[in-house]
Amino acid sequence: MFRLETVAVLGAGVMGARIAAHLANAGLRPILLDIVPRKLTAEEERRGLSLESAAVRNRIVRAGLDAARKAKPAAFFLPEFADRVRPGNFEDNLDWLREADWIIEVVAEDLKIKQALLERVEAVRRPGSIVSSNTSGLPLHRIAQGRSEDFRRHWLGTHFFNPPRYMRLLEVIPTADTLPEVVETISRFADRHLGKTVVCAKDTPNFIANRIGTFSALGAMRLLQEEDLTIEEVDALTGPVLGFPKSATFRTADIVGLDVLAHVVRNLYENLPDDECRELFRLPAFVEKMLEKGQLGEKTRQGFYKRIKQNGKTEILTLDWKTLDYRPRQKARFPALDMARNTDDLGERLRLLLGGKDKVSALFRRMLGDLFHYAALRVPEISDTVVEVDQALRCGFNWEYGPFQLWDAVGTDAVVEIWRQQGRSIPPLAETILKAKPRTFYLRQEGRPYFFDLERARHKFVPERPGVILLSDLRAVGKVVRENPGASLVDLGDGVACLEFHTKMNALGPDILQMVQVAVEQLQENFDGLVVANQGRNFSVGANLVLLLVTAQEGEWDELDLVVRQFQNATMSLKYAPGPVVVAPHGMALGGGCEITLHGARAHVAAESYIGLVEAGAGLIPAGGGCKEMLIRALDAAEDDLDRLNRVRHTFETIALATVATSAEHARQLGFLRDADSVSMNGDRLIADAKQTVLALIAQGYRPGSPRTDIRVPGEAAYAQMKLGVHMMQRSGYASEHDGVVASKLAYILSGGALNPSQTVSEQYLLDLEREAFVSLCGEPKTQERIQHLLKTGKPLRN
């Protein structure tokens, strides 16, 4: 194994700068180099600069870094992390590469350019340092031709997906010369420090994800033309109903960029002379015309879709692919799709869609028949097993299932029947799986996962990943201690339990609150510590607003007061549980999900956690102890009375504006996380890491505290300051009248009830203020309007 402490990125274009940004997110101080400009800009000439001026020589690399700093979605966890990147150029600073343990080449996709740069790199690199290329499809062995044996033994492909911060896939491509320990070092580092799902691919054109994913996208484009469909209709067919992302085919192409798609397609066509589907790797004529006209997608603000401003509102237009003109967006009308969307299970949904006799079923049989046939012919050409193919498509294209998992969901017999109806041959892989028992690529036996090993023609145990806990695996082997429809208590081993939510969107309701009490009771009797975590798409989006709205509309105020008390009791029981409770959020942890996070002895969060108290958007205030905890943190950190007022004002603004953190580090800045709270870059490792945090607290002799009675609230002075802020925002048009009502109640809580003079209060006192304000706001008609609008549209209402 090699130590990777200094990493250099060569090329500050879109990918290079964003790879450097993510290395900075991981705590490194990467080197970023690019070429020296060949001529001055008009601005540089006006300033009297020359080609020898330092500002000119680093202009290109700084432009790339600035673009990464301004990128949306953000490339850096925090804007100031850009200062961790050391910019330079190939002429003046190439010798910096002597410091680098890992050098990543990310220059133009041109074989000669890459080879020429690597010749210069070899002259300065330290023997034994690792060098890789981010090429998306050029043969790795050809790029390294002419390099020394030491270089080639430490050389491989590392194909990041754009944007590198958010796309989890990293394809690692060794050559015949690459040392196994080099592959292991990069794979381990990318997994643990960069949060990547690492897939080992073979050195074939465009590797795994782009090979299969591009074939699928081009198939959808052929379908568009041959079946005379609209852009919207194809995106409806190739979106979530199929387990693909909401961006489907054409929105995804706009995000990626049609120029990038064209490059991938042409590279595949040129480098796949023996591929039986080579002639399918061609862009439709209308897409070629779009390229000529500069309709490249989001980067040119028009592609298959176009966003315009009209009457102060944003409107999305759709391309008419026959005329290349834009028209108002039309809803795709497929009754069969509407029926299928009511089926949550993807396998059942696919079988329903494939089994009909209508046009939609025929389209799905064609699409999936093509996909399965092509994927079957690619193994073992592009990877040794089907597992790598499925992982690559899930993490690189955000498919819910990879192609062979989709195949299993449909059923091998059904897949073969589709091919027979289409007059297709049966690929060797399919012939092999037809002889297997059962005829699936994946199965579970005695709770353990297996995959079909083609080389041995039998199912083989999926090896465990050290440091990764899958709750589904524990559930399969009987590790559930207690459960109800909304939550489970799972034994993680070593005296640690996990409280897992599994409601829709992990919304908090009575079942989860009941299981919190069960978990705390179990801590007293059978466990030493508790992790609160789950492996759904999001940790929790907050309270169940449907139940809340119905209770409020029926005027059941005592019932509503009781529900809020129960939630407060649940969060307080977690805070003062007999053993350490570590809350491990990932994705969205909003409203009540944030409040649960705030009450853990520690939080151990995924780097991509979006935490916030968002109740103000629904016309409410946090009432599960969120206001209380944020106030306590602000007051405990204050150095003097002025600092107390400033910190309380900051807390008020954070909650009143429903601010959501854009990363775990941003959450720390906002006060949702403490300095002692930890971050896992790889969400797959989150539960195992949180368990280790629990065990560390136990080893340190953790003892629970007692509810506090020593909170010195800021009183009238802070209340007046916050009320003035609300008034000014209303006067300037930034806040509505009802915003003022909600914010005033929040100000009252955070000031401690506007006490004069400032006094010491208890946690329970602040909880009572929260509950009273929450229940009273539920009775406001405008709050009920906000909740209704949020439930209907998913967007907040300003009324």
# chains A, B, ... in the order shown; residues from 1 in each chain; ligands from 1
>>> residues_around(residues="Arg378 in chain A", least_positions_apart="6", cutoff="10 Å", atoms="only C-alpha atoms", output="ChimeraX atom specification")
/A:208,211-212,275,384,386,389,427,429
>>> write_last_selection(atoms="all heavy atoms", output="CSV table (one decimal), in the first residue's frame")
chain,number,residue,atom,x,y,z
A,208,ILE,N,-17.3,0.7,-18.6
A,208,ILE,CA,-18.5,0.0,-18.4
A,208,ILE,C,-19.7,0.9,-18.5
A,208,ILE,O,-20.6,0.8,-19.4
A,208,ILE,CB,-18.5,-0.6,-17.0
A,208,ILE,CG1,-17.4,-1.7,-16.9
A,208,ILE,CG2,-19.9,-1.3,-16.7
A,208,ILE,CD1,-17.3,-2.3,-15.5
A,211,ARG,N,-20.4,2.7,-21.8
A,211,ARG,CA,-20.6,1.8,-22.9
A,211,ARG,C,-22.1,1.4,-22.9
A,211,ARG,O,-22.8,1.4,-23.9
A,211,ARG,CB,-19.7,0.6,-22.7
A,211,ARG,CG,-19.8,-0.5,-23.8
A,211,ARG,CD,-19.1,-0.2,-25.0
A,211,ARG,NE,-19.0,-1.3,-25.9
A,211,ARG,CZ,-18.1,-2.3,-26.0
A,211,ARG,NH1,-17.1,-2.3,-25.1
A,211,ARG,NH2,-18.1,-3.3,-26.8
A,212,ILE,N,-22.6,0.9,-21.7
A,212,ILE,CA,-24.0,0.4,-21.6
A,212,ILE,C,-24.9,1.6,-21.6
A,212,ILE,O,-26.0,1.6,-22.2
A,212,ILE,CB,-24.1,-0.4,-20.3
A,212,ILE,CG1,-23.2,-1.6,-20.3
A,212,ILE,CG2,-25.6,-0.9,-20.2
A,212,ILE,CD1,-23.4,-2.6,-21.4
A,275,ASP,N,-17.7,-4.7,-32.6
A,275,ASP,CA,-19.0,-4.7,-31.8
A,275,ASP,C,-20.2,-5.0,-32.8
A,275,ASP,O,-20.3,-4.3,-33.8
A,275,ASP,CB,-19.2,-3.4,-31.1
A,275,ASP,CG,-20.3,-3.4,-30.1
A,275,ASP,OD1,-21.5,-3.8,-30.5
A,275,ASP,OD2,-20.1,-3.0,-29.0
A,384,ASP,N,-15.5,-8.7,-15.4
A,384,ASP,CA,-15.4,-10.1,-15.1
A,384,ASP,C,-16.8,-10.7,-14.7
A,384,ASP,O,-17.1,-11.8,-14.9
A,384,ASP,CB,-14.4,-10.4,-14.1
A,384,ASP,CG,-12.9,-10.3,-14.6
A,384,ASP,OD1,-12.7,-10.6,-15.8
A,384,ASP,OD2,-12.1,-9.8,-13.9
A,386,VAL,N,-21.2,-9.7,-13.6
A,386,VAL,CA,-22.3,-8.8,-13.8
A,386,VAL,C,-22.4,-7.8,-12.7
A,386,VAL,O,-23.0,-6.7,-12.8
A,386,VAL,CB,-23.6,-9.6,-13.9
A,386,VAL,CG1,-23.6,-10.6,-15.0
A,386,VAL,CG2,-23.9,-10.3,-12.5
A,389,VAL,N,-21.0,-4.4,-13.6
A,389,VAL,CA,-21.9,-3.7,-14.6
A,389,VAL,C,-23.0,-3.1,-13.9
A,389,VAL,O,-23.4,-1.9,-14.1
A,389,VAL,CB,-22.4,-4.7,-15.7
A,389,VAL,CG1,-23.4,-4.0,-16.6
A,389,VAL,CG2,-21.3,-5.3,-16.5
A,427,PRO,N,-27.8,-15.0,-26.3
A,427,PRO,CA,-26.4,-14.8,-26.0
A,427,PRO,C,-25.9,-15.9,-25.1
A,427,PRO,O,-26.6,-16.5,-24.3
A,427,PRO,CB,-26.3,-13.5,-25.3
A,427,PRO,CG,-27.6,-12.8,-25.7
A,427,PRO,CD,-28.6,-13.8,-25.8
A,429,LEU,N,-24.2,-15.9,-22.4
A,429,LEU,CA,-24.5,-15.6,-21.0
A,429,LEU,C,-25.9,-16.1,-20.6
A,429,LEU,O,-26.1,-16.7,-19.6
A,429,LEU,CB,-24.3,-14.1,-20.7
A,429,LEU,CG,-24.5,-13.7,-19.2
A,429,LEU,CD1,-23.6,-12.6,-18.8
A,429,LEU,CD2,-26.0,-13.3,-19.0
>>> select_by_dssp(residues="range 483-525 of chain A", states="alpha helix (DSSP H)", output="JSON, numbers by chain")
{"A": [510, 511, 512, 513, 514, 515, 516, 517, 518, 519, 520, 521, 522, 523, 524, 525]}
>>> residues_around(residues="range 403-413 of chain A", least_positions_apart="2", cutoff="8 Å", atoms="only C-alpha atoms", output="compact mmCIF listing (two decimals) with N, CA, C and O atoms, in the first residue's frame")
# COMPACT_ATOMS: atom_id res chain seq x y z
N LEU A 346 -40.45 -2.13 -8.01
CA LEU A 346 -40.00 -1.97 -9.40
C LEU A 346 -40.19 -3.25 -10.21
O LEU A 346 -40.62 -3.20 -11.37
N GLY A 347 -39.89 -4.41 -9.63
CA GLY A 347 -40.04 -5.66 -10.35
C GLY A 347 -41.48 -5.90 -10.76
O GLY A 347 -41.77 -6.25 -11.91
N GLU A 348 -42.40 -5.69 -9.83
CA GLU A 348 -43.82 -5.87 -10.14
C GLU A 348 -44.27 -4.87 -11.20
O GLU A 348 -45.06 -5.20 -12.10
N LEU A 350 -42.41 -3.49 -13.58
CA LEU A 350 -41.87 -3.88 -14.88
C LEU A 350 -42.65 -5.04 -15.49
O LEU A 350 -42.95 -5.04 -16.69
N ARG A 351 -42.98 -6.00 -14.67
CA ARG A 351 -43.75 -7.14 -15.19
C ARG A 351 -45.12 -6.70 -15.68
O ARG A 351 -45.63 -7.20 -16.68
N LEU A 371 -31.64 -3.64 -24.32
CA LEU A 371 -30.69 -3.43 -23.21
C LEU A 371 -30.15 -4.75 -22.70
O LEU A 371 -28.93 -4.92 -22.55
N PHE A 372 -31.02 -5.70 -22.42
CA PHE A 372 -30.58 -6.98 -21.86
C PHE A 372 -29.69 -7.73 -22.85
O PHE A 372 -28.69 -8.35 -22.45
N ALA A 375 -26.22 -5.96 -23.00
CA ALA A 375 -25.47 -6.17 -21.75
C ALA A 375 -24.97 -7.61 -21.65
O ALA A 375 -23.84 -7.87 -21.21
N VAL A 386 -21.18 -9.72 -13.61
CA VAL A 386 -22.32 -8.83 -13.79
C VAL A 386 -22.39 -7.80 -12.67
O VAL A 386 -23.01 -6.74 -12.82
N VAL A 389 -21.02 -4.41 -13.63
CA VAL A 389 -21.90 -3.72 -14.59
C VAL A 389 -23.05 -3.05 -13.85
O VAL A 389 -23.37 -1.89 -14.09
N ASP A 390 -23.68 -3.79 -12.95
CA ASP A 390 -24.82 -3.23 -12.22
C ASP A 390 -24.39 -2.07 -11.32
O ASP A 390 -25.07 -1.03 -11.26
N LEU A 393 -23.74 1.16 -13.48
CA LEU A 393 -24.94 1.87 -13.97
C LEU A 393 -25.72 2.49 -12.82
O LEU A 393 -26.31 3.57 -12.98
N TYR A 401 -31.81 0.09 -10.42
CA TYR A 401 -31.27 -1.25 -10.62
C TYR A 401 -30.33 -1.21 -11.82
O TYR A 401 -30.58 -0.50 -12.79
N VAL A 415 -37.48 -12.70 -20.22
CA VAL A 415 -36.50 -12.04 -21.08
C VAL A 415 -36.25 -12.85 -22.35
O VAL A 415 -36.27 -12.33 -23.48
N VAL A 416 -36.05 -14.14 -22.18
CA VAL A 416 -35.80 -15.02 -23.34
C VAL A 416 -37.01 -15.05 -24.27
O VAL A 416 -36.87 -15.05 -25.50
N GLU A 417 -38.21 -15.01 -23.69
CA GLU A 417 -39.42 -15.02 -24.50
C GLU A 417 -39.52 -13.74 -25.33
O GLU A 417 -39.92 -13.77 -26.51
N ILE A 433 -27.18 -18.93 -17.89
CA ILE A 433 -28.08 -18.66 -16.77
C ILE A 433 -29.34 -19.51 -16.87
O ILE A 433 -29.97 -19.85 -15.85
N LEU A 434 -29.72 -19.92 -18.09
CA LEU A 434 -30.89 -20.79 -18.26
C LEU A 434 -30.67 -22.17 -17.64
O LEU A 434 -31.63 -22.85 -17.28
N ARG A 439 -32.73 -19.51 -11.97
CA ARG A 439 -32.26 -18.80 -13.16
C ARG A 439 -32.16 -17.29 -12.88
O ARG A 439 -32.81 -16.48 -13.53
N THR A 440 -31.36 -16.93 -11.93
CA THR A 440 -31.20 -15.53 -11.53
C THR A 440 -29.72 -15.19 -11.40
O THR A 440 -28.89 -16.08 -11.16
N PHE A 441 -29.41 -13.91 -11.54
CA PHE A 441 -28.03 -13.46 -11.35
C PHE A 441 -27.73 -13.24 -9.87
O PHE A 441 -26.58 -13.28 -9.46
N TYR A 442 -28.78 -12.98 -9.10
CA TYR A 442 -28.61 -12.72 -7.66
C TYR A 442 -29.61 -13.55 -6.88
O TYR A 442 -30.73 -13.81 -7.34
>>> residues_around(residues="range 650-667 of chain A", least_positions_apart="5", cutoff="7 Å", atoms="only C-alpha atoms", output="VMD selection string")
chain A and resid 77 to 78 605 to 617 630 to 631 672 to 673 743 747
>>> residues_around(residues="Thr760 in chain A", least_positions_apart="4", cutoff="7 Å", atoms="only C-alpha atoms", output="number ranges by chain")
A: 710-713
>>> write_last_selection(atoms="N, CA, C and O atoms", output="PDB file, in the first residue's frame")
ATOM      1  N   ASP A 710     -30.047  25.577  33.758  1.00  0.00           N
ATOM      2  CA  ASP A 710     -29.119  26.706  33.919  1.00  0.00           C
ATOM      3  C   ASP A 710     -28.966  27.535  32.647  1.00  0.00           C
ATOM      4  O   ASP A 710     -27.920  28.136  32.403  1.00  0.00           O
ATOM      5  N   ILE A 711     -29.996  27.590  31.833  1.00  0.00           N
ATOM      6  CA  ILE A 711     -29.895  28.271  30.532  1.00  0.00           C
ATOM      7  C   ILE A 711     -30.235  29.746  30.724  1.00  0.00           C
ATOM      8  O   ILE A 711     -31.393  30.103  30.985  1.00  0.00           O
ATOM      9  N   ARG A 712     -29.248  30.596  30.587  1.00  0.00           N
ATOM     10  CA  ARG A 712     -29.464  32.037  30.777  1.00  0.00           C
ATOM     11  C   ARG A 712     -29.903  32.640  29.450  1.00  0.00           C
ATOM     12  O   ARG A 712     -29.087  32.899  28.563  1.00  0.00           O
ATOM     13  N   VAL A 713     -31.199  32.848  29.301  1.00  0.00           N
ATOM     14  CA  VAL A 713     -31.750  33.343  28.038  1.00  0.00           C
ATOM     15  C   VAL A 713     -31.508  34.844  27.903  1.00  0.00           C
ATOM     16  O   VAL A 713     -31.385  35.564  28.910  1.00  0.00           O
TER      17      VAL A 713
END
>>> select_by_dssp(residues="range 595-766 of chain A", states="strand (DSSP E)", output="NGL selection string")
:A and (602-606 or 609-612 or 678-680 or 711-712 or 760-761)
>>> closest_residue(among="A:Pro163, A:Gly257, A:Gly705, A:Gly48", to="Lys72 in chain A", atoms="only C-alpha atoms")
A:Pro163
>>> closest_residue(among="A:Gly779, A:Gly752, A:Pro485, A:Gly733", to="Gly715 in chain A", atoms="only C-alpha atoms")
A:Gly752
>>> atom_distance(atom1="CA of Val287 in chain A", atom2="CA of Leu138 in chain A")
23.5 Å
>>> residues_around(residues="Met572 in chain A", least_positions_apart="6", cutoff="9 Å", atoms="only C-alpha atoms", output="ChimeraX atom specification")
/A:599,624-625,707
>>> atom_distance(atom1="CA of Arg165 in chain A", atom2="CA of Gly195 in chain A")
8.7 Å
>>> residues_around(residues="Val198 in chain A", least_positions_apart="5", cutoff="10 Å", atoms="only C-alpha atoms", output="list in words")
Thr158, His159, Phe160, Arg168, Leu169, Leu170, Glu171, Val172, Ile186, Ser187, Arg188, Phe189, Ala190, Asp191, Glu388, Gln391, Ala392 and Cys395 of chain A
